[in-house]
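Chemist: Sharing work.csv below, CSV, C-alpha atoms and all ligand atoms:
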chain,number,residue,atom,x,y,z
T,35,MET,CA,165.9,113.2,110.3
T,36,LYS,CA,164.0,115.5,112.7
T,37,PHE,CA,167.1,116.4,114.7
T,38,ASP,CA,169.6,116.8,111.9
T,39,GLY,CA,169.5,120.6,112.0
T,40,TRP,CA,170.2,120.6,115.7
T,41,LEU,CA,173.0,118.1,115.4
T,42,ASN,CA,174.5,120.0,112.4
T,43,ARG,CA,174.6,123.1,114.6
T,44,ARG,CA,176.5,121.2,117.3
T,45,LEU,CA,178.9,119.8,114.7
T,46,ASP,CA,179.5,123.3,113.4
T,47,LYS,CA,180.6,124.3,116.8
T,48,THR,CA,182.9,121.3,117.0
T,49,LYS,CA,184.4,122.4,113.7
T,50,GLU,CA,184.7,126.0,114.9
T,51,VAL,CA,186.9,125.0,117.8
T,52,GLY,CA,189.0,122.7,115.6
T,53,LEU,CA,187.8,119.5,117.2
T,54,TYR,CA,186.0,117.9,114.3
T,55,ARG,CA,187.2,114.3,113.7
T,56,LYS,CA,186.8,111.9,110.9
T,57,LEU,CA,187.8,108.3,110.3
T,58,ARG,CA,190.6,107.1,108.1
T,59,THR,CA,190.5,103.8,106.4
T,60,MET,CA,193.3,101.2,106.9
T,61,ASN,CA,193.5,99.1,103.8
T,62,THR,CA,196.1,96.7,105.2
T,63,ALA,CA,196.8,94.7,108.4
T,64,PRO,CA,198.6,96.6,111.2
T,65,ARG,CA,202.3,96.9,110.4
T,66,PRO,CA,204.8,99.7,110.2
T,67,VAL,CA,204.0,100.5,106.5
T,68,MET,CA,200.3,100.5,105.7
T,69,SER,CA,197.9,101.8,103.1
T,70,ILE,CA,195.8,104.4,104.7
T,71,ASP,CA,193.0,105.9,102.6
T,72,GLY,CA,194.8,104.3,99.7
T,73,GLN,CA,198.1,106.1,100.4
T,74,ARG,CA,201.3,104.4,101.5
T,75,GLN,CA,202.2,105.6,105.0
T,76,ILE,CA,204.8,104.7,107.6
T,77,VAL,CA,202.7,104.5,110.7
T,78,PHE,CA,204.2,106.1,113.8
T,79,SER,CA,200.9,106.2,115.8
T,80,SER,CA,199.9,102.6,116.5
T,81,ASN,CA,199.8,100.8,119.9
T,82,ASN,CA,201.0,97.6,118.3
T,83,TYR,CA,204.3,98.0,120.3
T,84,LEU,CA,205.7,94.5,119.8
T,85,GLY,CA,204.2,94.0,116.3
T,86,LEU,CA,201.9,91.1,117.6
T,87,ALA,CA,198.6,92.3,116.1
T,88,ASN,CA,199.6,90.7,112.8
T,89,ASP,CA,201.8,88.0,114.1
T,90,LYS,CA,201.2,84.6,112.4
T,91,ARG,CA,201.5,82.7,115.7
T,92,LEU,CA,198.6,84.7,117.1
T,93,VAL,CA,196.6,84.4,113.9
T,94,ASN,CA,197.1,80.7,113.9
T,95,ALA,CA,196.1,80.3,117.6
T,96,ALA,CA,193.0,82.3,116.9
T,97,GLY,CA,192.2,80.4,113.7
T,98,THR,CA,192.2,77.0,115.3
T,99,ILE,CA,189.8,78.1,118.1
T,100,LEU,CA,187.7,80.1,115.6
T,101,HIS,CA,186.9,76.8,113.8
T,102,ASP,CA,186.1,75.0,117.1
T,103,PHE,CA,184.2,77.7,118.9
T,104,GLY,CA,182.7,79.9,116.2
T,105,VAL,CA,182.9,83.7,115.8
T,106,GLY,CA,180.9,85.0,118.7
T,107,SER,CA,180.8,84.1,122.4
T,108,SER,CA,176.9,84.4,122.3
T,109,GLY,CA,176.4,85.8,125.8
T,110,SER,CA,177.8,87.5,128.9
T,111,ARG,CA,180.3,85.6,131.0
T,112,LEU,CA,177.7,84.9,133.6
T,113,THR,CA,175.3,83.4,131.1
T,114,THR,CA,176.5,81.4,128.1
T,115,GLY,CA,179.6,83.4,127.1
T,116,ASN,CA,182.2,81.8,129.4
T,117,SER,CA,184.4,79.3,127.6
T,118,GLU,CA,187.4,77.3,128.8
T,119,TRP,CA,189.5,79.7,126.8
T,120,HIS,CA,188.4,82.7,128.9
T,121,GLU,CA,189.4,80.8,132.0
T,122,LYS,CA,192.7,79.7,130.6
T,123,LEU,CA,193.5,83.3,129.6
T,124,GLU,CA,192.5,84.6,133.0
T,125,GLU,CA,194.9,82.1,134.7
T,126,ARG,CA,197.6,83.1,132.3
T,127,ILE,CA,197.1,86.8,132.9
T,128,ALA,CA,197.2,86.2,136.7
T,129,SER,CA,200.5,84.3,136.4
T,130,PHE,CA,201.9,87.0,134.0
T,131,LYS,CA,201.0,89.8,136.3
T,132,GLN,CA,201.9,87.7,139.4
T,133,THR,CA,198.6,88.1,141.1
T,134,GLU,CA,196.2,85.5,142.5
T,135,ALA,CA,193.5,86.0,139.9
T,136,ALA,CA,192.4,88.0,136.9
T,137,LEU,CA,189.1,88.9,135.2
T,138,LEU,CA,188.6,89.5,131.5
T,139,LEU,CA,186.3,92.3,130.2
T,140,SER,CA,185.6,93.5,126.7
T,141,SER,CA,188.0,96.4,126.8
T,142,GLY,CA,190.5,98.3,128.9
T,143,TYR,CA,188.0,101.1,128.9
T,144,LEU,CA,185.3,98.9,130.4
T,145,ALA,CA,187.8,97.5,132.9
T,146,ASN,CA,188.6,101.0,134.3
T,147,VAL,CA,185.0,102.0,134.4
T,148,GLY,CA,184.0,98.7,136.0
T,149,VAL,CA,186.5,98.9,138.8
T,150,LEU,CA,186.1,102.6,139.6
T,151,SER,CA,182.3,102.5,139.5
T,152,SER,CA,182.1,99.4,141.8
T,153,LEU,CA,185.0,99.3,144.2
T,154,PRO,CA,185.1,102.7,145.9
T,155,GLU,CA,181.8,103.4,147.8
T,156,LYS,CA,180.0,106.4,149.0
T,157,GLY,CA,182.1,107.9,151.8
T,158,ASP,CA,185.3,106.9,150.0
T,159,VAL,CA,187.6,109.2,147.9
T,160,ILE,CA,189.5,108.5,144.7
T,161,LEU,CA,192.8,110.4,144.2
T,162,SER,CA,193.3,110.6,140.5
T,163,ASP,CA,196.3,111.9,138.5
T,164,GLN,CA,195.4,115.0,136.4
T,165,LEU,CA,196.4,113.2,133.2
T,166,ASN,CA,194.7,109.9,133.7
T,167,HIS,CA,193.0,108.3,130.8
T,168,ALA,CA,189.4,109.2,129.8
T,169,SER,CA,188.1,105.8,131.0
T,170,ILE,CA,189.4,106.5,134.5
T,171,ILE,CA,187.8,109.9,134.5
T,172,ASP,CA,184.5,108.3,133.3
T,173,GLY,CA,184.8,105.6,136.0
T,174,CYS,CA,185.3,108.3,138.6
T,175,HIS,CA,182.2,110.1,137.3
T,176,LEU,CA,180.1,107.0,137.7
T,177,SER,CA,181.5,106.2,141.2
T,178,LYS,CA,179.5,107.2,144.3
T,179,ALA,CA,182.8,108.1,145.9
T,180,ASP,CA,184.3,111.7,145.7
T,181,THR,CA,187.2,112.4,143.4
T,182,VAL,CA,190.1,114.6,144.1
T,183,ILE,CA,192.6,115.3,141.2
T,184,TYR,CA,196.3,115.6,142.0
T,185,ASN,CA,198.9,117.3,139.7
T,186,HIS,CA,200.5,115.1,137.1
T,187,VAL,CA,203.0,112.7,138.8
T,188,ASP,CA,203.5,115.3,141.6
T,189,MET,CA,204.1,113.4,144.7
T,190,ASP,CA,204.1,116.4,147.0
T,191,ASP,CA,200.7,117.3,145.7
T,192,LEU,CA,199.5,113.7,146.2
T,193,GLU,CA,200.8,113.7,149.7
T,194,GLU,CA,199.1,117.0,150.4
T,195,LYS,CA,195.8,115.6,149.1
T,196,LEU,CA,196.2,112.4,151.1
T,197,LYS,CA,196.6,114.6,154.3
T,198,GLU,CA,193.5,116.7,153.3
T,199,THR,CA,191.4,113.5,152.8
T,200,GLU,CA,192.1,111.8,156.1
T,201,SER,CA,188.5,112.0,157.2
T,202,TYR,CA,187.3,109.7,154.3
T,203,GLN,CA,186.4,106.1,155.0
T,204,ARG,CA,188.8,104.7,152.4
T,205,ARG,CA,191.2,106.2,149.9
T,206,PHE,CA,192.1,104.9,146.4
T,207,ILE,CA,194.9,106.3,144.4
T,208,VAL,CA,194.4,105.7,140.7
T,209,THR,CA,197.1,106.3,138.1
T,210,ASP,CA,198.0,105.3,134.5
T,211,GLY,CA,201.2,103.3,134.6
T,212,VAL,CA,202.4,105.0,131.4
T,213,PHE,CA,200.5,108.1,130.5
T,214,SER,CA,199.0,107.9,127.0
T,215,MET,CA,199.5,111.5,125.9
T,216,ASP,CA,202.8,112.3,127.7
T,217,GLY,CA,204.7,109.0,127.7
T,218,THR,CA,205.5,109.6,131.4
T,219,ILE,CA,206.0,106.6,133.7
T,220,ALA,CA,204.1,107.0,137.0
T,221,PRO,CA,206.5,106.9,140.0
T,222,LEU,CA,204.7,103.8,141.3
T,223,ASP,CA,207.4,103.1,143.9
T,224,MET,CA,206.7,106.5,145.5
T,225,ILE,CA,203.0,106.1,145.1
T,226,MET,CA,203.1,102.8,146.9
T,227,SER,CA,205.1,104.3,149.8
T,228,LEU,CA,202.7,107.1,150.2
T,229,ALA,CA,199.8,104.7,150.0
T,230,LYS,CA,201.4,102.5,152.7
T,231,HIS,CA,202.0,105.5,155.0
T,232,TYR,CA,198.5,107.0,154.5
T,233,HIS,CA,196.6,103.7,154.4
T,234,ALA,CA,195.3,104.1,150.8
T,235,PHE,CA,194.8,101.5,148.1
T,236,VAL,CA,196.5,101.7,144.7
T,237,ILE,CA,194.9,101.1,141.3
T,238,VAL,CA,197.1,101.1,138.2
T,239,ASP,CA,196.0,101.2,134.6
T,240,ASP,CA,198.9,99.5,132.9
T,241,ALA,CA,197.5,99.7,129.4
T,242,HIS,CA,200.7,101.1,127.8
T,243,ALA,CA,203.2,99.4,130.1
T,244,THR,CA,202.0,95.8,129.7
T,245,GLY,CA,204.4,93.9,127.5
T,246,VAL,CA,206.7,96.9,127.3
T,247,LEU,CA,208.1,97.8,130.8
T,248,GLY,CA,209.9,95.4,133.1
T,249,ASP,CA,212.4,92.7,132.2
T,250,ASP,CA,209.7,90.2,131.3
T,251,GLY,CA,207.2,92.8,130.1
T,252,ARG,CA,204.9,92.5,133.1
T,253,GLY,CA,204.5,96.3,133.3
T,254,THR,CA,205.1,99.1,135.9
T,255,SER,CA,204.8,96.7,138.9
T,256,GLU,CA,207.7,94.7,137.6
T,257,TYR,CA,209.6,97.8,136.6
T,258,PHE,CA,209.4,99.2,140.1
T,259,ALA,CA,209.2,95.8,141.9
T,260,VAL,CA,206.0,96.7,143.7
T,261,PHE,CA,202.5,95.1,144.0
T,262,PRO,CA,199.6,97.5,143.7
T,263,ASP,CA,196.2,96.4,144.9
T,264,VAL,CA,194.5,96.5,141.5
T,265,VAL,CA,196.2,96.2,138.1
T,266,ILE,CA,194.1,97.0,135.1
T,267,GLY,CA,195.2,96.4,131.5
T,268,THR,CA,194.2,96.0,128.0
T,269,LEU,CA,194.9,93.3,125.4
T,270,SER,CA,194.7,95.9,122.6
T,271,LYS,CA,198.2,97.4,122.7
T,272,ALA,CA,201.4,95.4,123.1
T,273,ILE,CA,199.4,92.1,123.4
T,274,GLY,CA,198.0,92.9,120.0
T,275,THR,CA,194.4,91.6,120.3
T,276,GLU,CA,191.2,93.0,121.9
T,277,GLY,CA,189.8,93.1,125.4
T,278,GLY,CA,190.6,94.3,128.9
T,279,PHE,CA,191.5,92.8,132.3
T,280,VAL,CA,191.8,93.3,136.0
T,281,ALA,CA,194.4,91.4,138.0
T,282,GLY,CA,194.5,91.2,141.8
T,283,SER,CA,193.5,89.1,144.7
T,284,LYS,CA,190.9,86.3,144.4
T,285,VAL,CA,188.5,88.2,146.6
T,286,LEU,CA,188.9,91.3,144.4
T,287,ILE,CA,188.1,89.3,141.3
T,288,ASP,CA,185.1,87.6,142.9
T,289,PHE,CA,183.9,91.0,144.0
T,290,LEU,CA,184.2,92.5,140.5
T,291,LEU,CA,182.5,89.4,138.9
T,292,ASN,CA,179.5,90.1,141.2
T,293,HIS,CA,179.5,93.9,141.2
T,294,ALA,CA,181.2,95.5,138.2
T,295,ARG,CA,178.4,96.3,135.8
T,296,THR,CA,180.6,96.6,132.8
T,297,PHE,CA,181.5,92.9,133.4
T,298,ILE,CA,178.0,91.6,134.3
T,299,PHE,CA,176.1,93.3,131.4
T,300,GLN,CA,178.6,92.9,128.5
T,301,THR,CA,179.0,90.1,126.0
T,302,ALA,CA,182.2,88.1,126.5
T,303,ILE,CA,185.0,88.5,124.0
T,304,PRO,CA,185.2,85.6,121.5
T,305,PRO,CA,187.2,82.5,122.6
T,306,SER,CA,189.5,82.8,119.5
T,307,ILE,CA,190.7,86.2,120.8
T,308,CYS,CA,191.4,84.6,124.2
T,309,ALA,CA,193.5,82.0,122.4
T,310,ALA,CA,195.4,84.6,120.5
T,311,SER,CA,196.0,86.7,123.6
T,312,TYR,CA,197.2,83.5,125.4
T,313,ALA,CA,199.7,83.0,122.6
T,314,ALA,CA,200.8,86.6,122.9
T,315,LEU,CA,201.6,86.3,126.6
T,316,GLU,CA,203.8,83.3,126.0
T,317,ILE,CA,205.7,85.3,123.3
T,318,ILE,CA,205.9,88.5,125.5
T,319,GLU,CA,207.5,86.8,128.4
T,320,HIS,CA,210.3,85.7,126.0
T,321,SER,CA,210.7,89.0,124.1
T,322,LYS,CA,213.5,90.6,126.1
T,323,GLU,CA,215.4,91.4,122.9
T,324,LYS,CA,212.5,93.0,121.2
T,325,ARG,CA,211.9,95.2,124.3
T,326,LYS,CA,215.6,96.2,124.2
T,327,LEU,CA,215.3,97.0,120.5
T,328,LEU,CA,212.2,99.0,121.2
T,329,VAL,CA,213.9,101.1,123.9
T,330,SER,CA,217.0,101.7,121.7
T,331,LYS,CA,214.7,103.1,118.9
T,332,VAL,CA,212.9,105.3,121.5
T,333,LYS,CA,216.2,106.6,122.8
T,334,GLN,CA,217.5,107.3,119.2
T,335,ILE,CA,214.3,109.2,118.3
T,336,LYS,CA,214.2,111.2,121.5
T,337,THR,CA,217.8,112.1,121.6
T,338,SER,CA,217.9,113.1,117.9
T,339,LEU,CA,214.8,115.2,118.1
T,340,GLU,CA,216.2,117.0,121.2
T,341,GLU,CA,219.4,117.6,119.4
T,342,MET,CA,217.5,119.2,116.5
T,343,GLY,CA,216.0,121.6,119.0
T,344,TYR,CA,212.6,120.0,119.7
T,345,THR,CA,211.0,119.7,123.1
T,346,VAL,CA,210.2,116.1,123.7
T,347,LYS,CA,208.2,115.0,126.7
T,348,GLY,CA,208.0,111.7,128.6
T,349,ASP,CA,210.3,108.9,129.7
T,350,TYR,CA,211.8,106.1,127.7
T,351,THR,CA,208.5,104.5,126.6
T,352,PRO,CA,207.1,103.9,123.1
T,353,ILE,CA,205.0,107.1,123.4
T,354,ILE,CA,207.1,110.1,122.2
T,355,PRO,CA,205.2,113.4,122.3
T,356,VAL,CA,207.0,116.2,120.3
T,357,ILE,CA,205.7,119.6,121.5
T,358,ILE,CA,204.8,121.9,118.6
T,359,GLY,CA,202.9,124.4,120.8
T,360,ASP,CA,200.4,126.2,118.5
T,361,THR,CA,197.3,124.1,117.6
T,362,GLU,CA,197.2,125.1,113.9
T,363,MET,CA,201.0,124.6,113.5
T,364,ALA,CA,200.6,121.1,115.0
T,365,VAL,CA,198.0,120.2,112.4
T,366,ILE,CA,200.1,121.7,109.6
T,367,PHE,CA,203.1,119.7,110.8
T,368,SER,CA,201.1,116.5,110.9
T,369,ASN,CA,199.8,117.2,107.3
T,370,ARG,CA,203.3,117.8,106.1
T,371,LEU,CA,204.4,114.5,107.6
T,372,GLN,CA,201.5,112.8,105.8
T,373,GLU,CA,202.6,114.3,102.5
T,374,LYS,CA,206.0,112.7,103.1
T,375,GLY,CA,204.3,109.3,103.8
T,376,ILE,CA,204.5,109.4,107.6
T,377,TYR,CA,201.3,109.0,109.6
T,378,ALA,CA,201.5,110.7,113.1
T,379,PRO,CA,198.5,112.6,114.4
T,380,ALA,CA,198.5,116.1,116.0
T,381,ILE,CA,197.1,116.0,119.5
T,382,ARG,CA,195.3,119.2,120.4
T,383,PRO,CA,193.4,120.8,123.3
T,384,PRO,CA,191.3,119.8,125.2
T,385,THR,CA,193.2,116.5,125.1
T,386,VAL,CA,196.4,118.3,126.0
T,387,PRO,CA,196.8,121.8,127.6
T,388,ILE,CA,196.6,125.0,125.5
T,389,GLY,CA,200.0,125.8,124.0
T,390,GLU,CA,201.1,122.2,124.2
T,391,SER,CA,199.7,120.8,120.9
T,392,ARG,CA,201.9,118.0,119.8
T,393,ILE,CA,202.8,115.3,117.4
T,394,ARG,CA,202.4,112.1,119.4
T,395,LEU,CA,204.7,109.6,117.9
T,396,THR,CA,204.6,105.9,118.9
T,397,VAL,CA,207.3,103.5,117.9
T,398,THR,CA,207.1,99.7,117.7
T,399,SER,CA,209.8,97.0,117.7
T,400,ASP,CA,208.9,96.3,114.1
T,401,HIS,CA,210.0,99.7,112.7
T,402,SER,CA,213.2,99.4,110.8
T,403,PHE,CA,216.1,101.7,111.6
T,404,LYS,CA,215.7,102.9,108.0
T,405,GLU,CA,212.1,104.0,108.8
T,406,VAL,CA,213.3,105.7,112.0
T,407,ASP,CA,216.0,107.5,110.0
T,408,TYR,CA,213.4,108.7,107.5
T,409,LEU,CA,211.2,109.9,110.3
T,410,LEU,CA,214.1,111.9,111.8
T,411,GLU,CA,215.1,113.3,108.5
T,412,SER,CA,211.5,114.5,107.8
T,413,PHE,CA,211.3,116.1,111.3
T,414,ASN,CA,214.5,118.0,110.5
T,415,LEU,CA,213.2,119.2,107.1
T,416,ILE,CA,209.7,120.1,108.2
T,417,GLY,CA,210.9,121.8,111.4
T,418,LYS,CA,213.2,124.0,109.4
T,419,GLU,CA,210.6,124.7,106.7
T,420,LEU,CA,208.1,125.8,109.4
T,421,ASN,CA,210.7,127.8,111.4
T,422,LEU,CA,210.3,125.6,114.4
T,423,ILE,CA,214.0,124.7,114.7
T,424,ASN,CA,217.2,126.2,113.3
T,501,LIG,N1,193.8,103.1,129.5
T,501,LIG,C1,194.7,103.8,128.7
T,501,LIG,C2,195.8,104.5,129.4
T,501,LIG,C3,194.5,103.9,127.3
T,501,LIG,O1,195.4,104.6,126.6
T,501,LIG,C4,193.5,103.1,126.7
T,501,LIG,C5,193.3,103.1,125.2
T,501,LIG,N2,193.5,104.2,124.5
T,501,LIG,C6,192.6,102.5,127.5
T,501,LIG,C7,192.8,102.4,128.9
T,501,LIG,C8,191.4,101.7,126.9
T,501,LIG,O2,191.8,100.5,126.5
T,501,LIG,P1,190.9,99.7,125.4
T,501,LIG,O3,191.3,100.3,124.1
T,501,LIG,O4,191.2,98.3,125.5
T,501,LIG,O5,189.5,100.0,125.7
Take the structure in this file and express it as structure tokens.
Modeler:
Amino acid sequence: MKFDGWLNRRLDKTKEVGLYRKLRTMNTAPRPVMSIDGQRQIVFSSNNYLGLANDKRLVNAAGTILHDFGVGSSGSRLTTGNSEWHEKLEERIASFKQTEAALLLSSGYLANVGVLSSLPEKGDVILSDQLNHASIIDGCHLSKADTVIYNHVDMDDLEEKLKETESYQRRFIVTDGVFSMDGTIAPLDMIMSLAKHYHAFVIVDDAHATGVLGDDGRGTSEYFAVFPDVVIGTLSKAIGTEGGFVAGSKVLIDFLLNHARTFIFQTAIPPSICAASYAALEIIEHSKEKRKLLVSKVKQIKTSLEEMGYTVKGDYTPIIPVIIGDTEMAVIFSNRLQEKGIYAPAIRPPTVPIGESRIRLTVTSDHSFKEVDYLLESFNLIGKELNLIN
């Protein structure tokens, strides 16, 4: 192609800074032990927190509707893509999130971009946590409102910035519920108090908290017993399927249906996926034991790694970042894990700050205690071999 030379030069630069990525092929369905590029690996990097992506109840729910409705939705929600299953799922999401209404989009990414690019207007300001997900950052870029970044979960800095932005028409605080690279839980109770005091709106991206946090798995709102103005989520993590959603007031949903471009101009997700997601929510509400089991594994992993001498970030969420520090060392560590049959990627700058390269572990309720023990044993051996721990 005419531009291959130019693109190859750009790719060379990507390689030079150690950011070249390539795909790996999964040869089996999502589960704790998978074949990846033909190799048996225990996977500690999936978002399938409750093991639902491959749950027979979801597969059967999707299968029935697949036969009735076909494989594709055939249009955007506002043309021919809206089925009774989309509406049923939206009602179910609203009752799950305890809001008046909900809106389905094709992904959590598009839900964030849709909300942030349509809701705040010119003359408004978005106050965004420094470690928010890329889709929030991209939504802020598309918005006509200004964006001000506050330090990660730093409530003093947020308050400072709320004071500095008093002249704006409206203020929106946007935060991940659980941060995807650090596993921190946003202090939503404090954010809500500040928002009340300074008359700001709160938008929460609950991608990693939905299904996981709160007694019934409703997410950070349930965990802190608060009601943010806008709750965004994805179906692609604990829920185990595909798609994104926004939950909030009926007026908010009506507004987004009319103004969010990522809703208006996208093809609807297939009805079969809606049916599977509906089945997942029924299961999630009754999965207290699974959530407890998940937290107990998280605690075991965190405590054991800390006892070995590792620095482990985050709160008790399924995201467990183990700080290695040096970028090359993090890659070597991840490769050594892979040789031992454990799949857990190294996360490097610019995704994380320089000097904070890490192995980002995620654990699911389906991992056996034997698999967890093997993970810990491997961290102990590799850490000693690489002189990272004593
Ligand atoms: N928000 C957060 C915090 C995420 O981690 C992700 C997925 N990595 C998304 C949004 C995007 O969700 P989806 O995969 O459904 O597009």
Chemist: For ligand LIG 501 (chain T), list the contacting residues at 8 Å or closer, counting all atoms listed in the file, as a list in words.
Modeler: Ser140, Ser141, Gly142, Tyr143, Leu144, Ala145, Asn146, Asn166, His167, Ala168, Ser169, Ile170, Asp210, Gly211, Val212, Phe213, Ser214, Asp239, Asp240, Ala241, His242, Gly267, Thr268, Leu269, Ser270, Lys271, Glu276, Gly277 and Gly278 of chain T
Chemist: Let me make sure I understand: among T:Lys49, T:Arg111, T:Arg370, T:Arg394, which one has the smallest atom-to-atom distance to Pro352 of chain T if we use only C-alpha atoms?
Modeler: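 Looking at the shortest contact to Pro352 of chain T, the residue is T:Arg394.
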Chemist: Write out, as a tab-separated table, each residue of segment 70-170 of chain T that has an atom at most 10 Å from segment 353-359 of chain T, together with the closest pair of atoms and their distance in Å to one decimal, counting only C-alpha atoms, rows going by chain and rising number.
Modeler:
residue	atom	partner	partner_atom	distance
T:Phe78	CA	T:Ile353	CA	9.7
T:Ser79	CA	T:Ile353	CA	8.7
T:Ser80	CA	T:Ile353	CA	9.7
T:Asn81	CA	T:Ile353	CA	8.9
T:Tyr83	CA	T:Ile353	CA	9.6
Chemist: Using only C-alpha atoms, which residues of segment 65-138 of chain T come within 10 Å of segment 294-297 of chain T, and what is the closest atom pair for each, with the distance in Å to one decimal? Give it as a Markdown table, sorted by chain and residue number.
Modeler:
| residue | atom | partner | partner_atom | distance |
| --- | --- | --- | --- | --- |
| T:Ser110 | CA | T:Phe297 | CA | 7.9 |
| T:Arg111 | CA | T:Phe297 | CA | 7.8 |
| T:Leu112 | CA | T:Phe297 | CA | 8.9 |
| T:Leu137 | CA | T:Phe297 | CA | 8.8 |
| T:Leu138 | CA | T:Phe297 | CA | 8.1 |
Chemist: Would you mind reading off the distance between atom CA of Gly106 of chain T and atom CA of Gln300 of chain T, one decimal, in Å?
Modeler: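 One can read the atom CA of Gly106 of chain T to atom CA of Gln300 of chain T distance as 12.8 Å.
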Chemist: Considering only C-alpha atoms, state which residue in the set T:Glu419, T:Gly375, T:Ser399, T:Glu316 is at the smallest distance from Arg126 of chain T.
Modeler: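 Among the listed residues, the smallest separation from Arg126 of chain T belongs to T:Glu316.
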Chemist: Go through T:Asn414, T:Asn369, T:Gln203, T:Thr59 and flag the residue nearest Met342 of chain T, using all atoms listed in the file for the distances.
Modeler: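 Looking at the shortest contact to Met342 of chain T, the residue is T:Asn414.
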Chemist: If we count all atoms listed in the file and set the cut-off at 10 Å, which residues sit around Leu420 of chain T, ignoring sequence neighbours fewer than 4 positions away in its own chain? Please answer as a list in words.
Modeler: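 Result of the neighbour search: Met363, Ile366, Phe367, Arg370, Leu415, Ile416 and Asn424 of chain T.
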Chemist: Can I get the selected residues back with C-alpha atoms, as a PDB file, in the coordinates of the input?
Modeler:
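Writing the result to selection.pdb gives the following:
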ATOM      1  CA  MET T 363     201.000 124.600 113.500  1.00  0.00           C
ATOM      2  CA  ILE T 366     200.100 121.700 109.600  1.00  0.00           C
ATOM      3  CA  PHE T 367     203.100 119.700 110.800  1.00  0.00           C
ATOM      4  CA  ARG T 370     203.300 117.800 106.100  1.00  0.00           C
ATOM      5  CA  LEU T 415     213.200 119.200 107.100  1.00  0.00           C
ATOM      6  CA  ILE T 416     209.700 120.100 108.200  1.00  0.00           C
ATOM      7  CA  ASN T 424     217.200 126.200 113.300  1.00  0.00           C
TER       8      ASN T 424
END
Chemist: Using atom CA of Ile99 of chain T and atom CA of Asn292 of chain T as the two end points, give the distance in Å to one decimal.
Modeler: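 Atom CA of Ile99 of chain T sits 28.0 Å away from atom CA of Asn292 of chain T.
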Chemist: So that I can look at just that part, could you write segment 375-386 of chain T with N, CA and C atoms, as a CSV table (one decimal), in the first residue's frame?
Modeler:
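In the end it all went to result06.csv:
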chain,number,residue,atom,x,y,z
T,375,GLY,N,2.6,-21.1,33.0
T,375,GLY,CA,1.2,-21.4,32.7
T,375,GLY,C,0.2,-20.5,33.4
T,376,ILE,N,0.7,-19.2,33.7
T,376,ILE,CA,-0.2,-18.2,34.2
T,376,ILE,C,-0.2,-17.0,33.3
T,377,TYR,N,-1.4,-16.6,32.9
T,377,TYR,CA,-1.6,-15.5,32.0
T,377,TYR,C,-2.0,-14.3,32.8
T,378,ALA,N,-1.1,-13.3,32.9
T,378,ALA,CA,-1.4,-12.0,33.6
T,378,ALA,C,-0.5,-11.0,33.0
T,379,PRO,N,-1.0,-10.0,32.3
T,379,PRO,CA,-0.2,-9.1,31.6
T,379,PRO,C,0.5,-8.0,32.4
T,380,ALA,N,1.6,-7.5,31.8
T,380,ALA,CA,2.3,-6.4,32.4
T,380,ALA,C,1.6,-5.1,31.9
T,381,ILE,N,1.4,-4.2,32.8
T,381,ILE,CA,0.8,-2.9,32.4
T,381,ILE,C,1.9,-1.8,32.6
T,382,ARG,N,2.1,-1.1,31.5
T,382,ARG,CA,3.3,-0.2,31.5
T,382,ARG,C,2.8,1.2,31.2
T,383,PRO,N,3.8,2.2,31.4
T,383,PRO,CA,3.5,3.6,30.9
T,383,PRO,C,3.2,3.6,29.4
T,384,PRO,N,2.3,4.5,28.9
T,384,PRO,CA,1.7,5.6,29.6
T,384,PRO,C,0.4,5.1,30.3
T,385,THR,N,0.0,3.8,30.2
T,385,THR,CA,-1.2,3.4,30.9
T,385,THR,C,-1.1,3.7,32.4
T,386,VAL,N,0.1,3.5,33.0
T,386,VAL,CA,0.3,3.8,34.4
T,386,VAL,C,1.5,4.7,34.5
